[in-house]
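Have a look at work_28.cif; it's mmCIF, C-alpha atoms:
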```
data_final
loop_
_atom_site.group_PDB
_atom_site.id
_atom_site.type_symbol
_atom_site.label_atom_id
_atom_site.label_comp_id
_atom_site.auth_asym_id
_atom_site.auth_seq_id
_atom_site.Cartn_x
_atom_site.Cartn_y
_atom_site.Cartn_z
ATOM 1 C CA MET A 1 87.179 31.642 108.048
ATOM 2 C CA GLU A 2 86.136 28.042 108.542
ATOM 3 C CA ARG A 3 82.752 26.432 109.015
ATOM 4 C CA VAL A 4 82.307 22.876 110.319
ATOM 5 C CA ARG A 5 79.151 20.792 110.499
ATOM 6 C CA SER A 6 78.760 17.439 112.127
ATOM 7 C CA THR A 7 77.136 14.340 110.743
ATOM 8 C CA ARG A 8 74.298 13.233 113.005
ATOM 9 C CA GLN A 9 73.680 9.920 111.323
ATOM 10 C CA GLN A 10 75.969 7.843 109.128
ATOM 11 C CA PRO A 11 74.592 6.525 105.827
ATOM 12 C CA SER A 12 72.863 3.113 105.978
ATOM 13 C CA GLY A 13 70.913 0.847 103.623
ATOM 14 C CA GLY A 14 72.890 1.896 100.551
ATOM 15 C CA GLY A 15 72.612 5.627 101.300
ATOM 16 C CA ARG A 16 75.219 7.946 100.048
ATOM 17 C CA PRO A 17 77.676 9.687 102.419
ATOM 18 C CA CYS A 18 77.269 13.397 103.167
ATOM 19 C CA ASP A 19 79.302 15.947 101.237
ATOM 20 C CA SER A 20 82.249 17.598 102.939
ATOM 21 C CA THR A 21 81.572 18.630 106.484
ATOM 22 C CA THR A 22 84.084 21.513 106.487
ATOM 23 C CA GLU A 23 84.306 24.677 104.405
ATOM 24 C CA SER A 24 87.086 27.247 104.613
ATOM 25 C CA THR A 25 87.627 30.610 102.922
ATOM 26 C CA SER A 26 90.627 32.898 103.123
ATOM 27 C CA CYS A 27 89.981 36.442 104.245
ATOM 28 C CA GLY A 28 91.932 39.416 105.492
ATOM 29 C CA ASP A 29 95.026 38.419 103.552
ATOM 30 C CA ASP A 30 95.523 41.864 101.983
ATOM 31 C CA ALA A 31 98.727 43.661 102.906
ATOM 32 C CA CYS A 32 98.225 45.923 105.913
ATOM 33 C CA ASP A 33 100.966 48.377 104.870
ATOM 34 C CA GLU A 34 100.420 50.771 102.006
ATOM 35 C CA ASP A 35 102.384 53.845 100.939
ATOM 36 C CA CYS A 36 100.557 57.150 100.624
ATOM 37 C CA LYS A 37 99.096 58.204 97.303
ATOM 38 C CA LEU A 38 99.847 61.678 95.947
ATOM 39 C CA ALA A 39 97.415 63.892 94.055
ATOM 40 C CA GLY A 40 98.414 65.467 90.748
ATOM 41 C CA TRP A 41 100.515 68.626 90.548
ATOM 42 C CA THR A 42 98.925 71.938 91.545
ATOM 43 C CA GLY A 43 99.210 74.847 89.144
ATOM 44 C CA TRP A 44 102.321 77.038 89.294
ATOM 45 C CA SER A 45 102.211 79.773 91.962
ATOM 46 C CA PRO A 46 102.560 83.431 90.960
ATOM 47 C CA CYS A 47 106.162 84.572 90.543
ATOM 48 C CA SER A 48 107.773 85.660 93.826
ATOM 49 C CA LYS A 49 109.232 88.806 92.215
ATOM 50 C CA ALA A 50 108.055 91.148 89.460
ATOM 51 C CA CYS A 51 111.549 91.378 87.933
ATOM 52 C CA SER A 52 115.244 90.554 88.453
ATOM 53 C CA GLY A 53 114.584 86.845 88.935
ATOM 54 C CA GLY A 54 111.970 85.244 91.114
ATOM 55 C CA PHE A 55 110.625 81.717 91.331
ATOM 56 C CA GLN A 56 107.389 79.785 91.087
ATOM 57 C CA VAL A 57 106.455 76.619 92.942
ATOM 58 C CA ARG A 58 104.015 73.767 92.404
ATOM 59 C CA GLU A 59 103.220 70.894 94.749
ATOM 60 C CA ARG A 60 101.625 67.477 95.069
ATOM 61 C CA HIS A 61 99.488 66.987 98.163
ATOM 62 C CA VAL A 62 98.685 63.679 99.852
ATOM 63 C CA ALA A 63 95.458 62.260 98.395
ATOM 64 C CA GLN A 64 95.483 59.132 100.602
ATOM 65 C CA LYS A 65 97.506 58.790 103.806
ATOM 66 C CA ALA A 66 99.966 55.925 104.291
ATOM 67 C CA ARG A 67 98.514 52.881 106.020
ATOM 68 C CA GLY A 68 100.260 50.763 108.644
ATOM 69 C CA GLN A 69 104.026 50.885 108.062
ATOM 70 C CA GLY A 70 103.581 52.483 104.616
ATOM 71 C CA LEU A 71 105.781 55.436 103.696
ATOM 72 C CA CYS A 72 105.209 58.912 102.327
ATOM 73 C CA VAL A 73 107.885 61.259 101.006
ATOM 74 C CA GLY A 74 108.373 64.569 102.854
ATOM 75 C CA GLU A 75 106.767 67.820 101.702
ATOM 76 C CA ASP A 76 110.116 69.181 100.468
ATOM 77 C CA ALA A 77 111.009 66.120 98.377
ATOM 78 C CA SER A 78 111.497 66.784 94.660
ATOM 79 C CA SER A 79 108.709 64.313 93.889
ATOM 80 C CA ARG A 80 106.294 66.585 95.815
ATOM 81 C CA ARG A 81 107.609 70.125 95.250
ATOM 82 C CA GLU A 82 109.118 71.730 92.154
ATOM 83 C CA TYR A 83 110.534 75.196 91.562
ATOM 84 C CA LYS A 84 111.214 77.130 88.386
ATOM 85 C CA LYS A 85 112.731 80.541 87.718
ATOM 86 C CA CYS A 86 110.558 83.352 86.401
ATOM 87 C CA ASN A 87 110.672 87.084 85.555
ATOM 88 C CA LYS A 88 114.393 86.966 84.804
ATOM 89 C CA GLU A 89 114.506 90.416 83.180
ATOM 90 C CA GLU A 90 116.177 93.175 85.199
ATOM 91 C CA CYS A 91 113.984 95.702 86.979
ATOM 92 C CA GLN A 92 113.761 99.022 85.159
ATOM 93 C CA PRO A 93 113.019 102.101 87.344
ATOM 94 C CA LYS A 94 110.232 104.306 85.937
ATOM 95 C CA ASN A 95 110.483 107.336 88.274
ATOM 96 C CA GLY A 96 113.865 108.931 87.688
ATOM 97 C CA GLY A 97 115.901 105.944 88.771
ATOM 98 C CA ILE A 98 113.735 105.051 91.786
ATOM 99 C CA LEU A 99 111.997 101.684 91.803
ATOM 100 C CA GLN A 100 108.334 101.975 92.801
ATOM 101 C CA CYS A 101 107.068 99.540 95.448
ATOM 102 C CA LYS A 102 103.353 98.724 95.101
ATOM 103 C CA ALA A 103 103.120 95.965 97.719
ATOM 104 C CA LYS A 104 100.960 96.583 100.786
ATOM 105 C CA LEU A 105 103.287 96.533 103.778
ATOM 106 C CA ASP A 106 104.260 98.485 106.855
ATOM 107 C CA VAL A 107 107.642 100.213 106.699
ATOM 108 C CA VAL A 108 109.496 101.873 109.540
ATOM 109 C CA LEU A 109 112.387 104.090 108.492
ATOM 110 C CA VAL A 110 114.928 104.936 111.193
ATOM 111 C CA LEU A 111 117.446 107.697 110.442
ATOM 112 C CA ASP A 112 120.638 108.326 112.399
ATOM 113 C CA GLY A 113 120.425 111.807 113.895
ATOM 114 C CA SER A 114 123.266 111.425 116.351
ATOM 115 C CA GLY A 115 125.948 114.077 116.617
ATOM 116 C CA SER A 116 128.623 111.675 115.349
ATOM 117 C CA ILE A 117 127.564 112.115 111.691
ATOM 118 C CA GLY A 118 127.589 115.908 111.833
ATOM 119 C CA GLU A 119 125.304 118.380 110.136
ATOM 120 C CA ALA A 120 126.415 117.546 106.570
ATOM 121 C CA GLY A 121 126.137 113.812 107.274
ATOM 122 C CA PHE A 122 122.648 114.220 108.663
ATOM 123 C CA GLU A 123 121.609 116.152 105.554
ATOM 124 C CA GLN A 124 122.790 113.226 103.393
ATOM 125 C CA VAL A 125 120.894 110.737 105.582
ATOM 126 C CA ARG A 126 117.764 112.903 105.353
ATOM 127 C CA LYS A 127 117.987 113.113 101.536
ATOM 128 C CA GLY A 128 118.518 109.353 101.304
ATOM 129 C CA GLY A 129 115.505 108.695 103.524
ATOM 130 C CA ALA A 130 113.342 111.051 101.446
ATOM 131 C CA ALA A 131 114.442 109.322 98.212
ATOM 132 C CA LEU A 132 113.685 105.918 99.727
ATOM 133 C CA GLY A 133 110.234 107.122 100.858
ATOM 134 C CA LYS A 134 109.409 108.241 97.303
ATOM 135 C CA GLY A 135 109.804 104.636 96.204
ATOM 136 C CA PHE A 136 106.622 103.624 98.050
ATOM 137 C CA ASP A 137 103.106 104.247 96.770
ATOM 138 C CA ALA A 138 101.375 105.206 100.019
ATOM 139 C CA GLY A 139 97.984 105.431 98.296
ATOM 140 C CA ALA A 140 95.331 108.114 98.510
ATOM 141 C CA GLY A 141 94.760 109.805 101.853
ATOM 142 C CA THR A 142 98.031 108.725 103.490
#
```

Could you quickly redo this structure as structure tokens?
Amino acid sequence: MERVRSTRQQPSGGGRPCDSTTESTSCGDDACDEDCKLAGWTGWSPCSKACSGGFQVRERHVAQKARGQGLCVGEDASSRREYKKCNKEECQPKNGGILQCKAKLDVVLVLDGSGSIGEAGFEQVRKGGAALGKGFDAGAGT
């Protein structure tokens, strides 16, 4: 920015000349490009599996977006997302060798009843389906 003033009358009779008639100041010289700024790490997520090896994840979110031509690493970059293994112990069935599923989910069980497996084969499929069904806690009233 620059300001200029004019001198209307020159000094006379031993008068002293005016001070500088221009004044300039720099402004807007900050860099326009700035990389994004990341927040600190989140806490670790719950383990993805109760046993037999799952993983946990923690992330760093963008606290301030990149400006101009500034850069920001992708969400999957190791500087923004970390994983660690958890619950490494093997699953131990508690109901006669059948693992119990406690997650809330919809399950559709389709059994092959075609003539190609025969009567004995169908009986084996039926027993397997029944054993699989016992592994789910359907809850009260279902």

Which of these, A:Gly115, A:Gly135, A:Gly53, A:Pro11, has the shortest distance to Glu89 in chain A once you count only C-alpha atoms?
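With only C-alpha atoms as the atom set, the closest residue is A:Gly53.
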
Correct to one decimal, the distance CA of Cys91 in chain A-CA of Gly133 in chain A is 18.4 Å

Please write as a ChimeraX atom specification the list of polymer residues whose atoms come within 8 Å of (103.0, 59.1, 99.6), counting only C-alpha atoms and keeping to the coordinates of the file.
/A:35-38,62,64-66,71-73

Give me a file of those residues, with C-alpha atoms, as a PDB file, in the frame of the given file.
```
ATOM      1  CA  ASP A  35     102.384  53.845 100.939  1.00  0.00           C
ATOM      2  CA  CYS A  36     100.557  57.150 100.624  1.00  0.00           C
ATOM      3  CA  LYS A  37      99.096  58.204  97.303  1.00  0.00           C
ATOM      4  CA  LEU A  38      99.847  61.678  95.947  1.00  0.00           C
ATOM      5  CA  VAL A  62      98.685  63.679  99.852  1.00  0.00           C
ATOM      6  CA  GLN A  64      95.483  59.132 100.602  1.00  0.00           C
ATOM      7  CA  LYS A  65      97.506  58.790 103.806  1.00  0.00           C
ATOM      8  CA  ALA A  66      99.966  55.925 104.291  1.00  0.00           C
ATOM      9  CA  LEU A  71     105.781  55.436 103.696  1.00  0.00           C
ATOM     10  CA  CYS A  72     105.209  58.912 102.327  1.00  0.00           C
ATOM     11  CA  VAL A  73     107.885  61.259 101.006  1.00  0.00           C
TER      12      VAL A  73
END
```

I'd like to know which of A:Ala131, A:Pro46, A:Lys88, A:Tyr83 is closest to Leu109 in chain A, using all atoms listed in the file.
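That would be A:Ala131, the residue with the smallest distance to Leu109 in chain A.
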
Could you state the separation of CA of Ser48 in chain A and CA of Leu132 in chain A in Å, given to one decimal place?
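For CA of Ser48 in chain A relative to CA of Leu132 in chain A, the distance reads 21.9 Å.
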
Find the residues around Cys86 in chain A up to 8 Å (all atoms listed in the file counted), leave out those fewer than 2 positions away in its own chain, and share them as a PyMOL selection string.
chain A and resi 47+53-56+84+88

Can you spit out the residues from that selection as an mmCIF file, keeping the file's coordinate frame, using C-alpha atoms?
```cif
data_model
loop_
_atom_site.group_PDB
_atom_site.id
_atom_site.type_symbol
_atom_site.label_atom_id
_atom_site.label_comp_id
_atom_site.auth_asym_id
_atom_site.auth_seq_id
_atom_site.Cartn_x
_atom_site.Cartn_y
_atom_site.Cartn_z
ATOM 1 C CA CYS A 47 106.162 84.572 90.543
ATOM 2 C CA GLY A 53 114.584 86.845 88.935
ATOM 3 C CA GLY A 54 111.970 85.244 91.114
ATOM 4 C CA PHE A 55 110.625 81.717 91.331
ATOM 5 C CA GLN A 56 107.389 79.785 91.087
ATOM 6 C CA LYS A 84 111.214 77.130 88.386
ATOM 7 C CA LYS A 88 114.393 86.966 84.804
#
```

Of the residues A:Glu82, A:Phe136, A:Arg5, A:Val57, which is the one nearest to Leu105 in chain A, using all atoms listed in the file?
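Among the listed residues, the smallest separation from Leu105 in chain A belongs to A:Phe136.
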
Is it possible to get the axis-aligned box enclosing range 61-74 of chain A (all listed atoms, 4 Å extra per side) as lines of an AutoDock Vina configuration file, with centre and edge lengths in Å rounded to one decimal?
```
center_x = 101.9
center_y = 58.9
center_z = 103.4
size_x = 20.9
size_y = 24.2
size_z = 18.5
```

My structure is short of atoms at range 80-91 of chain A; please model all heavy atoms there, returning them as a PDB file, in the coordinates of the input.
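So the final result, stored in result.pdb, reads:
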```pdb
ATOM      1  N   ARG A  80     107.495  65.898  95.317  1.00  0.00           N
ATOM      2  CA  ARG A  80     106.294  66.585  95.815  1.00  0.00           C
ATOM      3  C   ARG A  80     106.329  68.092  95.638  1.00  0.00           C
ATOM      4  O   ARG A  80     105.291  68.744  95.733  1.00  0.00           O
ATOM      5  CB  ARG A  80     106.100  66.283  97.306  1.00  0.00           C
ATOM      6  CG  ARG A  80     105.623  64.872  97.544  1.00  0.00           C
ATOM      7  CD  ARG A  80     105.155  64.654  98.936  1.00  0.00           C
ATOM      8  NE  ARG A  80     104.067  65.540  99.322  1.00  0.00           N
ATOM      9  CZ  ARG A  80     103.605  65.632 100.557  1.00  0.00           C
ATOM     10  NH1 ARG A  80     104.137  64.911 101.510  1.00  0.00           N
ATOM     11  NH2 ARG A  80     102.624  66.447 100.851  1.00  0.00           N
ATOM     12  N   ARG A  81     107.514  68.674  95.402  1.00  0.00           N
ATOM     13  CA  ARG A  81     107.609  70.125  95.250  1.00  0.00           C
ATOM     14  C   ARG A  81     108.627  70.445  94.163  1.00  0.00           C
ATOM     15  O   ARG A  81     109.736  69.947  94.190  1.00  0.00           O
ATOM     16  CB  ARG A  81     108.023  70.772  96.564  1.00  0.00           C
ATOM     17  CG  ARG A  81     108.051  72.301  96.487  1.00  0.00           C
ATOM     18  CD  ARG A  81     108.302  72.937  97.824  1.00  0.00           C
ATOM     19  NE  ARG A  81     107.112  72.752  98.651  1.00  0.00           N
ATOM     20  CZ  ARG A  81     107.112  72.822  99.967  1.00  0.00           C
ATOM     21  NH1 ARG A  81     108.207  73.062 100.612  1.00  0.00           N
ATOM     22  NH2 ARG A  81     106.009  72.643 100.654  1.00  0.00           N
ATOM     23  N   GLU A  82     108.225  71.306  93.237  1.00  0.00           N
ATOM     24  CA  GLU A  82     109.118  71.730  92.154  1.00  0.00           C
ATOM     25  C   GLU A  82     109.175  73.252  92.113  1.00  0.00           C
ATOM     26  O   GLU A  82     108.189  73.929  92.408  1.00  0.00           O
ATOM     27  CB  GLU A  82     108.606  71.242  90.790  1.00  0.00           C
ATOM     28  CG  GLU A  82     108.754  69.774  90.556  1.00  0.00           C
ATOM     29  CD  GLU A  82     108.330  69.378  89.152  1.00  0.00           C
ATOM     30  OE1 GLU A  82     107.573  70.117  88.492  1.00  0.00           O
ATOM     31  OE2 GLU A  82     108.758  68.305  88.701  1.00  0.00           O
ATOM     32  N   TYR A  83     110.332  73.756  91.714  1.00  0.00           N
ATOM     33  CA  TYR A  83     110.534  75.196  91.562  1.00  0.00           C
ATOM     34  C   TYR A  83     110.982  75.478  90.145  1.00  0.00           C
ATOM     35  O   TYR A  83     111.636  74.651  89.517  1.00  0.00           O
ATOM     36  CB  TYR A  83     111.632  75.689  92.524  1.00  0.00           C
ATOM     37  CG  TYR A  83     111.297  75.519  93.973  1.00  0.00           C
ATOM     38  CD1 TYR A  83     111.666  74.372  94.666  1.00  0.00           C
ATOM     39  CD2 TYR A  83     110.621  76.518  94.664  1.00  0.00           C
ATOM     40  CE1 TYR A  83     111.363  74.206  96.009  1.00  0.00           C
ATOM     41  CE2 TYR A  83     110.320  76.362  96.012  1.00  0.00           C
ATOM     42  CZ  TYR A  83     110.691  75.209  96.667  1.00  0.00           C
ATOM     43  OH  TYR A  83     110.389  75.059  97.995  1.00  0.00           O
ATOM     44  N   LYS A  84     110.645  76.677  89.653  1.00  0.00           N
ATOM     45  CA  LYS A  84     111.214  77.130  88.386  1.00  0.00           C
ATOM     46  C   LYS A  84     111.404  78.642  88.447  1.00  0.00           C
ATOM     47  O   LYS A  84     110.665  79.349  89.139  1.00  0.00           O
ATOM     48  CB  LYS A  84     110.364  76.714  87.189  1.00  0.00           C
ATOM     49  CG  LYS A  84     109.066  77.462  87.004  1.00  0.00           C
ATOM     50  CD  LYS A  84     108.381  77.018  85.722  1.00  0.00           C
ATOM     51  CE  LYS A  84     107.073  77.768  85.506  1.00  0.00           C
ATOM     52  NZ  LYS A  84     106.436  77.396  84.247  1.00  0.00           N
ATOM     53  N   LYS A  85     112.421  79.113  87.732  1.00  0.00           N
ATOM     54  CA  LYS A  85     112.731  80.541  87.718  1.00  0.00           C
ATOM     55  C   LYS A  85     111.723  81.271  86.837  1.00  0.00           C
ATOM     56  O   LYS A  85     111.188  80.715  85.890  1.00  0.00           O
ATOM     57  CB  LYS A  85     114.149  80.766  87.210  1.00  0.00           C
ATOM     58  CG  LYS A  85     115.204  80.223  88.159  1.00  0.00           C
ATOM     59  CD  LYS A  85     116.600  80.472  87.631  1.00  0.00           C
ATOM     60  CE  LYS A  85     117.631  79.927  88.599  1.00  0.00           C
ATOM     61  NZ  LYS A  85     118.990  80.139  88.137  1.00  0.00           N
ATOM     62  N   CYS A  86     111.496  82.543  87.169  1.00  0.00           N
ATOM     63  CA  CYS A  86     110.558  83.352  86.401  1.00  0.00           C
ATOM     64  C   CYS A  86     110.978  84.824  86.469  1.00  0.00           C
ATOM     65  O   CYS A  86     111.798  85.200  87.307  1.00  0.00           O
ATOM     66  CB  CYS A  86     109.132  83.189  86.930  1.00  0.00           C
ATOM     67  SG  CYS A  86     108.954  83.558  88.689  1.00  0.00           S
ATOM     68  N   ASN A  87     110.417  85.639  85.600  1.00  0.00           N
ATOM     69  CA  ASN A  87     110.672  87.084  85.555  1.00  0.00           C
ATOM     70  C   ASN A  87     112.162  87.392  85.676  1.00  0.00           C
ATOM     71  O   ASN A  87     112.595  88.129  86.564  1.00  0.00           O
ATOM     72  CB  ASN A  87     109.868  87.816  86.622  1.00  0.00           C
ATOM     73  CG  ASN A  87     108.374  87.734  86.362  1.00  0.00           C
ATOM     74  OD1 ASN A  87     107.940  87.462  85.247  1.00  0.00           O
ATOM     75  ND2 ASN A  87     107.576  87.951  87.371  1.00  0.00           N
ATOM     76  N   LYS A  88     112.935  86.851  84.752  1.00  0.00           N
ATOM     77  CA  LYS A  88     114.393  86.966  84.804  1.00  0.00           C
ATOM     78  C   LYS A  88     114.913  88.330  84.343  1.00  0.00           C
ATOM     79  O   LYS A  88     116.055  88.677  84.603  1.00  0.00           O
ATOM     80  CB  LYS A  88     115.024  85.866  83.949  1.00  0.00           C
ATOM     81  CG  LYS A  88     114.703  84.472  84.456  1.00  0.00           C
ATOM     82  CD  LYS A  88     115.224  83.411  83.514  1.00  0.00           C
ATOM     83  CE  LYS A  88     114.704  82.045  83.898  1.00  0.00           C
ATOM     84  NZ  LYS A  88     115.037  81.023  82.920  1.00  0.00           N
ATOM     85  N   GLU A  89     114.056  89.106  83.675  1.00  0.00           N
ATOM     86  CA  GLU A  89     114.506  90.416  83.180  1.00  0.00           C
ATOM     87  C   GLU A  89     114.792  91.362  84.344  1.00  0.00           C
ATOM     88  O   GLU A  89     114.158  91.295  85.390  1.00  0.00           O
ATOM     89  CB  GLU A  89     113.466  91.029  82.225  1.00  0.00           C
ATOM     90  CG  GLU A  89     112.144  91.411  82.861  1.00  0.00           C
ATOM     91  CD  GLU A  89     111.183  90.240  83.106  1.00  0.00           C
ATOM     92  OE1 GLU A  89     111.412  89.126  82.623  1.00  0.00           O
ATOM     93  OE2 GLU A  89     110.187  90.473  83.806  1.00  0.00           O
ATOM     94  N   GLU A  90     115.786  92.224  84.154  1.00  0.00           N
ATOM     95  CA  GLU A  90     116.177  93.175  85.199  1.00  0.00           C
ATOM     96  C   GLU A  90     115.077  94.208  85.418  1.00  0.00           C
ATOM     97  O   GLU A  90     114.379  94.605  84.502  1.00  0.00           O
ATOM     98  CB  GLU A  90     117.479  93.896  84.803  1.00  0.00           C
ATOM     99  CG  GLU A  90     118.698  92.995  84.863  1.00  0.00           C
ATOM    100  CD  GLU A  90     118.970  92.467  86.262  1.00  0.00           C
ATOM    101  OE1 GLU A  90     118.903  93.252  87.224  1.00  0.00           O
ATOM    102  OE2 GLU A  90     119.231  91.264  86.391  1.00  0.00           O
ATOM    103  N   CYS A  91     114.949  94.661  86.641  1.00  0.00           N
ATOM    104  CA  CYS A  91     113.984  95.702  86.979  1.00  0.00           C
ATOM    105  C   CYS A  91     114.432  97.020  86.350  1.00  0.00           C
ATOM    106  O   CYS A  91     115.611  97.365  86.386  1.00  0.00           O
ATOM    107  CB  CYS A  91     113.885  95.872  88.497  1.00  0.00           C
ATOM    108  SG  CYS A  91     113.226  94.419  89.343  1.00  0.00           S
TER     109      CYS A  91
END
```
